[in-house]
Structures are given as structure tokens and as C-alpha cells.
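See structure below.
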Amino acid sequence: MPMRAKVASSVSRTAAAISRAAGRGDGSVIGGWIGLKIDPDLLKNLAAGRAIALVSGTNGKTTTTRLTAAALGVLGPVATNSFGANMPTGHTSALAKAGATPFAVLEVDEHYLARVIDETTPRAVALLNLSRDQLDRAKEVAMMAQMWRTALVDHPDIRVIANADDPMVVWAATQSPNVTWFSAGQRWHDDSWVCPECGSPIERREGEWWCTGCPLRRPRAQWVVEDEGVTDPNGDWHLVKLQLPGRVNLGNAAAALATAAEFGVRAIEGVPRLSSVSSVAGRYAQVDRDGRNIRLLLAKNPASWLEAFDMADQAPTLLSINARDPDGLDTSWLYDVDFSPLRDGRPVLITGDRAYDLAVRLTVNGVPFRHVKTFDEAIQASPPGRLEVIANYTAFQDIRAELDRVN
Amino acid sequence: MSTESVLRIVWIYPDLLSTYGDRGNMLILAHRAALRGIPAQTYEVRSDQPMPATADIYLIGGGEDGPQALAAQRLIADGGVHRAVGQGAAVLAICAGYQLFGHSFFAKGAKFAGLGLLDLDSDRGETRAVGELRGEIDPRLGLPALTGFENHGGRTHLGPDVSPLARVSAGIGNDGQTEGAWHGKILGTYSHGPALARNPAIADLLLRWAIGADSLAPVDDTWAEALRAERLTAASV
Ligand SMILES: [Zn+2]
């Protein structure tokens, strides 16, 4: 590592430690920011000599990054940005903090993928999905797919691991010479009815999809979720026991195993590692309080709401909605989500800054509910046992802070 | 209402114009019809399908420039919406859909012909209008205040053959003064996405127009009223 990079890296670590000591999160953003100020090539220098996997997509990237890092751990120490700081400052800080490791797995915000590919020269890039997120600020889904596609065409050496079930992802990956396809399913179809190649309608039937106007269609997947496990490219099926709920996370496990395989990790070695992951940045965390076993599920956009319904047990469920800056100020997306999975007799509670928007939505959706003003009231209103909590971004942070205060 | 005496609601081109929870308006109309025991059927008509001319209520939503221009071209070529309006169908047009009901609009820097069913033209504003929108609705419609969330870069100029839907008291709407337009049984608004969630009285107006009733049985709007009160207050601070 050049001298300048060594200094910058050390300052970056110190700044992160100071920031942590001052109680400002884990310090990964501030540390990386200072480091990059001293040496603009710091990320490039820190990445040099490591075999790197990048993980990107609208949903599941934090979890898949954790799972991939766990699987790669079979081979040796792995640097990773496990706190979801997924922009270049976070990557810089994560690599500086980890010191020299042979491997790194980095979660990358989908907007930054092209830049981080340029700077880290990864061996593999995993692409999970693309859907609408924070409507009043995000770029169009098709534009994001175009950015990915261009970045990958510019780097033909990269091994791409891509979701065969998402037409936008397939279109973004399909021109790369080295693609491994995995099948994780796609619950959310509303951002891929129109072909990104030719604009014709996309048809779907029995897990397949195809464009009605051009040759774009679902490729055959080599890694497939089947029953409670994953089938590898040799056709061998592996039982995957996760501590994380839902079929969605089995899909993330398939992506992680496929990615780790690009580094030489065999599925049979990777699978046992996956079951060590219990919660991811507070998501899926379970907290016991007043006889209730509270489980936290983050749902930050329409696609991830559908996934959360899939993960949640049929138990009393609290929904909490805010519309502050990080959430997007607009609540229109509530009508892009079908809440009818909650119409199964479970008690539903609602709260949050924008509970009334949710109340109207649930009324139209035929889901009975009760409005509570605080999280504490929600706990008192639910019977002992499991309480599922599904919240969007700042509502989730509010509830985590609330639970931290008491525990 | 059509001869089969089922209320028919068409959502125009959800494959092109459906960016911001636009499905909500269709769901809300069907829900409020059901609460009154009015049998209703909803149809999502994609841009590669012929547009039926015999439905009772037509909904069209918001979208990006490219799909907006494409939708206008296909609707003009198809003619179904024109025939439906000629036969007295009710329409709720939102954002990009509202603009394309006018004579002309701008998309991708170029001027496009609209359906010409509302006497208005749209162009681009200096700034993007994003935030809470509030207005007093034309008293002749007999409705309470309009509340919505707007997110658009357009400005709309009304001709003599339409009336503003509302006078703006917070937000931008058409031009900072007026918001939306109405003519006959066509309503257009920049209140985007599921506009009817905050304005159930507009949903009921569309239903009354469609079935030719002066009034409808009241329904429990406790939550909608709570939401309205909250958002109308939020818009005035
Ligand atoms: Zn195509």
C-alpha cells in the first residue's frame, strides 16, 4: 500500500474509533469520509490484493452480504460492511477497519455500483433485484438497470451472479460473458411488466417469464430454491437451515452460495456457515419483553412489504408507518401493497406518524385493525407470545431505539 | 350505468401509467360501490389491448414522460376513450394522465398532442412541485376541500371550456392559483396517486355520476376523516 494510503487508512480507523466513542453510530461513514479526503484513491488501494464480492439490489442486500461473508469465511478472514453503510465511505471504512484480509464482501447501494466496481475491481458481483424505492427521489428502475448493464459491459472479467426471476436484473446482466443465474423468485412484478429491451409486454406463467416482442426471457437458473433448501449446479440439493425467516431469505441464501462458489466455496461447506447468522443490523432480531416475543421486520418499499408478509408468522402483527425524509414523504405506495395476507384472523395493530394513511388503506383492503398511539400501547394490546412488528425505515429505527432503552 | 346494470370501472393502461399507487383509486371506487350494494366490475386495460367504450368510469394515472407520450398516441389511435366520453362516461385523470386529456403537453422536451377532451394545455414549470396540496373545490360541485400530495414538473393552463377543480390554498397545482380541471363528467387533478383515499367525496361524486343518483347512502368514513383532518392541517403549516 502506498504511504499516503497507509496514513489515510490509519486516520480513517482512528476517526471511526473516535466517532464510535462519541456515540455516533459505528463510525463507518465518518471514518471513511475523512480517509477519502486524505487519499481519494484510498478505496482502490484498500481493495487491491483482495478477492472481492459486491452485492447490490433494491432488497435483501444487507442480508445477502452477511450470508455471503459467512460462507466465504470457510476460506479465510473476510472484510465486510456489516452495518449497512453501503456507499464508498462505508466501504473504505470497512476495509480499513478489517486490516489485510484475503477476501471482502461489500454491500453496495444500487446507485453506486458502477463507481464501486471501478474502484474495487471485484471478482464477483451479485445482483438481487430492482424495484421502486422511495418514490419521490429514486431514479426510474429502468434507468438503474441501464447503469448496471453499462458498468458490467465495461468489465467483462467480472463473474456476475444474477436473479433469473427479475427481468430487469436479467436484462442488466445478460450481456456479460460470465453469468451464473440463481432463482430466488419474484413476488413483486409491478416494475417489470414492460420489457427494458423493446418496450413490449412481459408475460408470466408458472415461474417462467418472457418478452412478447423480443428474445429476452427467463434464463435457466443453476442455483434454485427448492422446498427448504437450495439445489446447486450439479443438481445436488442441500437442506438450508437458517435462523432468518421466510422463503425470501432462502433466496438470499441461494445468492450467497452461488457467489461464494465463484471463490471456490463448495455448497456443502458454505451451507453450515449460513445458519450462524441470526440477525442483520437489527432486522429479524427478537426481543423478549413483558412476556411478548417481539420480532422486528423492516419493510422499506412495496416489494419488501410482500416479503415481510411471507416471513411473518400468523401471530399478532403491528404495522408502523412514517413518512420522514429517509422514508420518502409520500405514502401513495401503500396502494401498491396488497395487505390481504393479514386478513387471516390475526390481530392487526397500527401505529406511526402516518397511521391514518394506513388505516384508510387497510379499510379498503378489508383488513380489520386497531390503532395504537405508541409502541408500548401495542405491546399491552397484544396477548403474550409472538408479536410480529413490520415497519418502514424510520419507524423501524424508532422501535429499535425504544427497545434498546428498556433492555 | 351499462345495460347489464353492473358498474364498470376501467383503469386505462396500468402498464404505462402507474407510478404512484394509482391502483388505489380503482380499489377505493370498487370498495365504496360495494359498501352501497352496487355491483361493480373493474377492468385493467393494457396498452396492447383495445379500449372498451362502454364502461361507466375511466381512471388514468401518473407516469414518466416516455410512457405518457406513448399512452397519448395509443389512446388517440384507439378512439375508445373518446367514444366513452361522448356516451357520458365519468373520468378521473391524475398527473400525467390529466395532462394528456388536454390539447397538448410536454414530454422529453417535445410537445405532444393530447386527447383534447379537456380544454387545457400543459408545459414545464421552472421548478418541480413536490409536497402537500390543498384547495377549495368549485362550490358548484358541493364537495369539501381537496387534499393531496403533488409531485410533478408540469404547469397547466386552462382554456374557457373547463373550470378549475379547486382554488389552491397550499401547494402549486396547475400554476399556484388553480388546481385541476373539470368539464362535464371529467375530473383532472395533480393530486397524485391514490387521490380518492383523502377525498372520498370525489369518489362518491364519480359513483353518483356513473349511476345517475343525486345521493348515496352514507358510509363510515371515520379513518378517512381523520386522515383528511391531519393532512389539511399539515398543508397549512
Ligand atoms: Zn423485449
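Numbering starts fresh at 1 for the residues of each chain in the C-alpha cells, the chains themselves are lettered A, B, ... in the order given, and ligands are numbered from 1 as they appear.
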
What residues have any atom no more than 8 Å from ligand 1 when counting only C-alpha atoms and all ligand atoms, and can you list them as a ChimeraX atom specification?
/A:194-202,211-216

For the selection just defined, write its residues with N, CA, C and O atoms to a file, as a PDB file, in the first residue's frame.
```
ATOM      1  N   VAL A 194     -43.067  -4.272 -18.477  1.00  0.00           N
ATOM      2  CA  VAL A 194     -42.670  -3.813 -19.801  1.00  0.00           C
ATOM      3  C   VAL A 194     -41.206  -4.174 -20.027  1.00  0.00           C
ATOM      4  O   VAL A 194     -40.358  -3.954 -19.172  1.00  0.00           O
ATOM      5  N   CYS A 195     -40.907  -4.745 -21.179  1.00  0.00           N
ATOM      6  CA  CYS A 195     -39.548  -5.200 -21.483  1.00  0.00           C
ATOM      7  C   CYS A 195     -38.574  -4.021 -21.554  1.00  0.00           C
ATOM      8  O   CYS A 195     -38.823  -3.067 -22.278  1.00  0.00           O
ATOM      9  N   PRO A 196     -37.462  -4.088 -20.802  1.00  0.00           N
ATOM     10  CA  PRO A 196     -36.487  -2.993 -20.856  1.00  0.00           C
ATOM     11  C   PRO A 196     -35.738  -2.941 -22.188  1.00  0.00           C
ATOM     12  O   PRO A 196     -35.169  -1.914 -22.533  1.00  0.00           O
ATOM     13  N   GLU A 197     -35.781  -4.031 -22.937  1.00  0.00           N
ATOM     14  CA  GLU A 197     -35.088  -4.071 -24.229  1.00  0.00           C
ATOM     15  C   GLU A 197     -35.931  -3.422 -25.326  1.00  0.00           C
ATOM     16  O   GLU A 197     -35.450  -2.590 -26.072  1.00  0.00           O
ATOM     17  N   CYS A 198     -37.217  -3.795 -25.416  1.00  0.00           N
ATOM     18  CA  CYS A 198     -38.005  -3.377 -26.586  1.00  0.00           C
ATOM     19  C   CYS A 198     -39.340  -2.711 -26.235  1.00  0.00           C
ATOM     20  O   CYS A 198     -40.035  -2.242 -27.117  1.00  0.00           O
ATOM     21  N   GLY A 199     -39.706  -2.679 -24.953  1.00  0.00           N
ATOM     22  CA  GLY A 199     -40.941  -1.991 -24.577  1.00  0.00           C
ATOM     23  C   GLY A 199     -42.206  -2.813 -24.735  1.00  0.00           C
ATOM     24  O   GLY A 199     -43.302  -2.334 -24.453  1.00  0.00           O
ATOM     25  N   SER A 200     -42.077  -4.064 -25.169  1.00  0.00           N
ATOM     26  CA  SER A 200     -43.275  -4.905 -25.295  1.00  0.00           C
ATOM     27  C   SER A 200     -43.675  -5.464 -23.931  1.00  0.00           C
ATOM     28  O   SER A 200     -42.865  -5.504 -23.009  1.00  0.00           O
ATOM     29  N   PRO A 201     -44.933  -5.916 -23.800  1.00  0.00           N
ATOM     30  CA  PRO A 201     -45.354  -6.501 -22.527  1.00  0.00           C
ATOM     31  C   PRO A 201     -44.588  -7.794 -22.214  1.00  0.00           C
ATOM     32  O   PRO A 201     -44.231  -8.541 -23.120  1.00  0.00           O
ATOM     33  N   ILE A 202     -44.374  -8.017 -20.924  1.00  0.00           N
ATOM     34  CA  ILE A 202     -43.760  -9.258 -20.463  1.00  0.00           C
ATOM     35  C   ILE A 202     -44.860 -10.175 -19.940  1.00  0.00           C
ATOM     36  O   ILE A 202     -45.740  -9.738 -19.204  1.00  0.00           O
ATOM     37  N   CYS A 211     -40.494 -11.998 -22.892  1.00  0.00           N
ATOM     38  CA  CYS A 211     -40.951 -10.806 -23.588  1.00  0.00           C
ATOM     39  C   CYS A 211     -41.759 -11.243 -24.808  1.00  0.00           C
ATOM     40  O   CYS A 211     -41.397 -12.187 -25.498  1.00  0.00           O
ATOM     41  N   THR A 212     -42.870 -10.542 -25.070  1.00  0.00           N
ATOM     42  CA  THR A 212     -43.708 -10.898 -26.218  1.00  0.00           C
ATOM     43  C   THR A 212     -43.209 -10.257 -27.514  1.00  0.00           C
ATOM     44  O   THR A 212     -43.761 -10.513 -28.573  1.00  0.00           O
ATOM     45  N   GLY A 213     -42.140  -9.425 -27.395  1.00  0.00           N
ATOM     46  CA  GLY A 213     -41.683  -8.727 -28.610  1.00  0.00           C
ATOM     47  C   GLY A 213     -40.231  -8.957 -29.005  1.00  0.00           C
ATOM     48  O   GLY A 213     -39.813  -8.535 -30.073  1.00  0.00           O
ATOM     49  N   CYS A 214     -39.450  -9.600 -28.133  1.00  0.00           N
ATOM     50  CA  CYS A 214     -38.034  -9.820 -28.448  1.00  0.00           C
ATOM     51  C   CYS A 214     -37.561 -11.078 -27.718  1.00  0.00           C
ATOM     52  O   CYS A 214     -38.301 -11.663 -26.945  1.00  0.00           O
ATOM     53  N   PRO A 215     -36.317 -11.500 -27.955  1.00  0.00           N
ATOM     54  CA  PRO A 215     -35.891 -12.791 -27.374  1.00  0.00           C
ATOM     55  C   PRO A 215     -35.642 -12.779 -25.866  1.00  0.00           C
ATOM     56  O   PRO A 215     -35.357 -13.834 -25.292  1.00  0.00           O
ATOM     57  N   LEU A 216     -35.735 -11.633 -25.195  1.00  0.00           N
ATOM     58  CA  LEU A 216     -35.462 -11.616 -23.759  1.00  0.00           C
ATOM     59  C   LEU A 216     -36.437 -12.528 -23.015  1.00  0.00           C
ATOM     60  O   LEU A 216     -37.651 -12.411 -23.165  1.00  0.00           O
TER      61      LEU A 216
END
```

Using only C-alpha atoms, which protein or nucleic acid residues come within 7 Å of stretch 343-357 of chain A? Drop anything in the same chain fewer than 3 positions from it, and give the result as a ChimeraX atom specification.
/A:314-323,340,360-361,367-374,378,395 /B:223,226-227

With a cut-off of 9 Å and counting only C-alpha atoms, select all residues of chain A in contact with chain B and give the selection as a count of residues only.
30

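The gap separating atom CA of A:Glu307 from atom CA of A:Leu113 is 23.8 Å, in Å to one decimal.
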
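Residues of stretch 129-203 of chain B that DSSP, applied to the backbone, places in alpha helix (DSSP H): Ala195, Leu196, Ala197, Arg198, Pro200, Ala201, Ile202 and Ala203 of chain B.
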
Filtering to all heavy atoms, could you give me those residues as a CSV table (one decimal), in the first residue's frame?
```csv
chain,number,residue,atom,x,y,z
B,195,ALA,N,-55.5,9.5,-5.1
B,195,ALA,CA,-56.1,10.8,-4.7
B,195,ALA,C,-57.5,10.6,-3.9
B,195,ALA,O,-57.8,11.4,-3.0
B,195,ALA,CB,-56.4,11.7,-5.9
B,196,LEU,N,-58.2,9.5,-4.3
B,196,LEU,CA,-59.5,9.3,-3.6
B,196,LEU,C,-59.4,8.9,-2.2
B,196,LEU,O,-60.4,9.0,-1.4
B,196,LEU,CB,-60.3,8.3,-4.5
B,196,LEU,CG,-60.6,8.7,-5.9
B,196,LEU,CD1,-61.4,7.6,-6.6
B,196,LEU,CD2,-61.3,10.0,-6.0
B,197,ALA,N,-58.2,8.4,-1.8
B,197,ALA,CA,-58.1,8.0,-0.4
B,197,ALA,C,-58.3,9.1,0.6
B,197,ALA,O,-58.9,9.0,1.6
B,197,ALA,CB,-56.7,7.4,-0.1
B,198,ARG,N,-57.8,10.3,0.2
B,198,ARG,CA,-58.0,11.5,1.0
B,198,ARG,C,-59.3,12.3,0.6
B,198,ARG,O,-59.6,13.3,1.3
B,198,ARG,CB,-56.8,12.4,0.8
B,198,ARG,CG,-55.5,11.9,1.3
B,198,ARG,CD,-54.5,13.0,1.1
B,198,ARG,NE,-53.2,12.7,1.4
B,198,ARG,CZ,-52.2,13.6,1.6
B,198,ARG,NH1,-52.6,14.9,1.4
B,198,ARG,NH2,-51.0,13.3,1.9
B,200,PRO,N,-62.7,11.0,-0.3
B,200,PRO,CA,-63.8,10.1,-0.6
B,200,PRO,C,-65.0,10.7,-1.2
B,200,PRO,O,-65.8,10.1,-2.0
B,200,PRO,CB,-64.1,9.4,0.8
B,200,PRO,CG,-63.6,10.4,1.8
B,200,PRO,CD,-62.4,11.0,1.1
B,201,ALA,N,-65.2,12.0,-1.0
B,201,ALA,CA,-66.4,12.7,-1.6
B,201,ALA,C,-66.2,12.8,-3.1
B,201,ALA,O,-67.2,12.8,-3.8
B,201,ALA,CB,-66.5,14.1,-1.0
B,202,ILE,N,-65.0,12.8,-3.6
B,202,ILE,CA,-64.8,12.8,-5.0
B,202,ILE,C,-65.1,11.4,-5.6
B,202,ILE,O,-65.7,11.3,-6.7
B,202,ILE,CB,-63.4,13.2,-5.4
B,202,ILE,CG1,-63.1,14.7,-5.0
B,202,ILE,CG2,-63.1,13.0,-6.9
B,202,ILE,CD1,-61.8,15.3,-5.4
B,203,ALA,N,-64.7,10.4,-4.8
B,203,ALA,CA,-65.1,9.0,-5.3
B,203,ALA,C,-66.6,8.9,-5.4
B,203,ALA,O,-67.1,8.3,-6.4
B,203,ALA,CB,-64.5,8.0,-4.2
```

Could you tell me which of A:Thr259, A:Ser131, A:Gln380, A:Ser93 comes closest to A:Ala51 if we count only C-alpha atoms?
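Going through A:Thr259, A:Ser131, A:Gln380, A:Ser93 one by one, the smallest distance to A:Ala51 is for A:Thr259.
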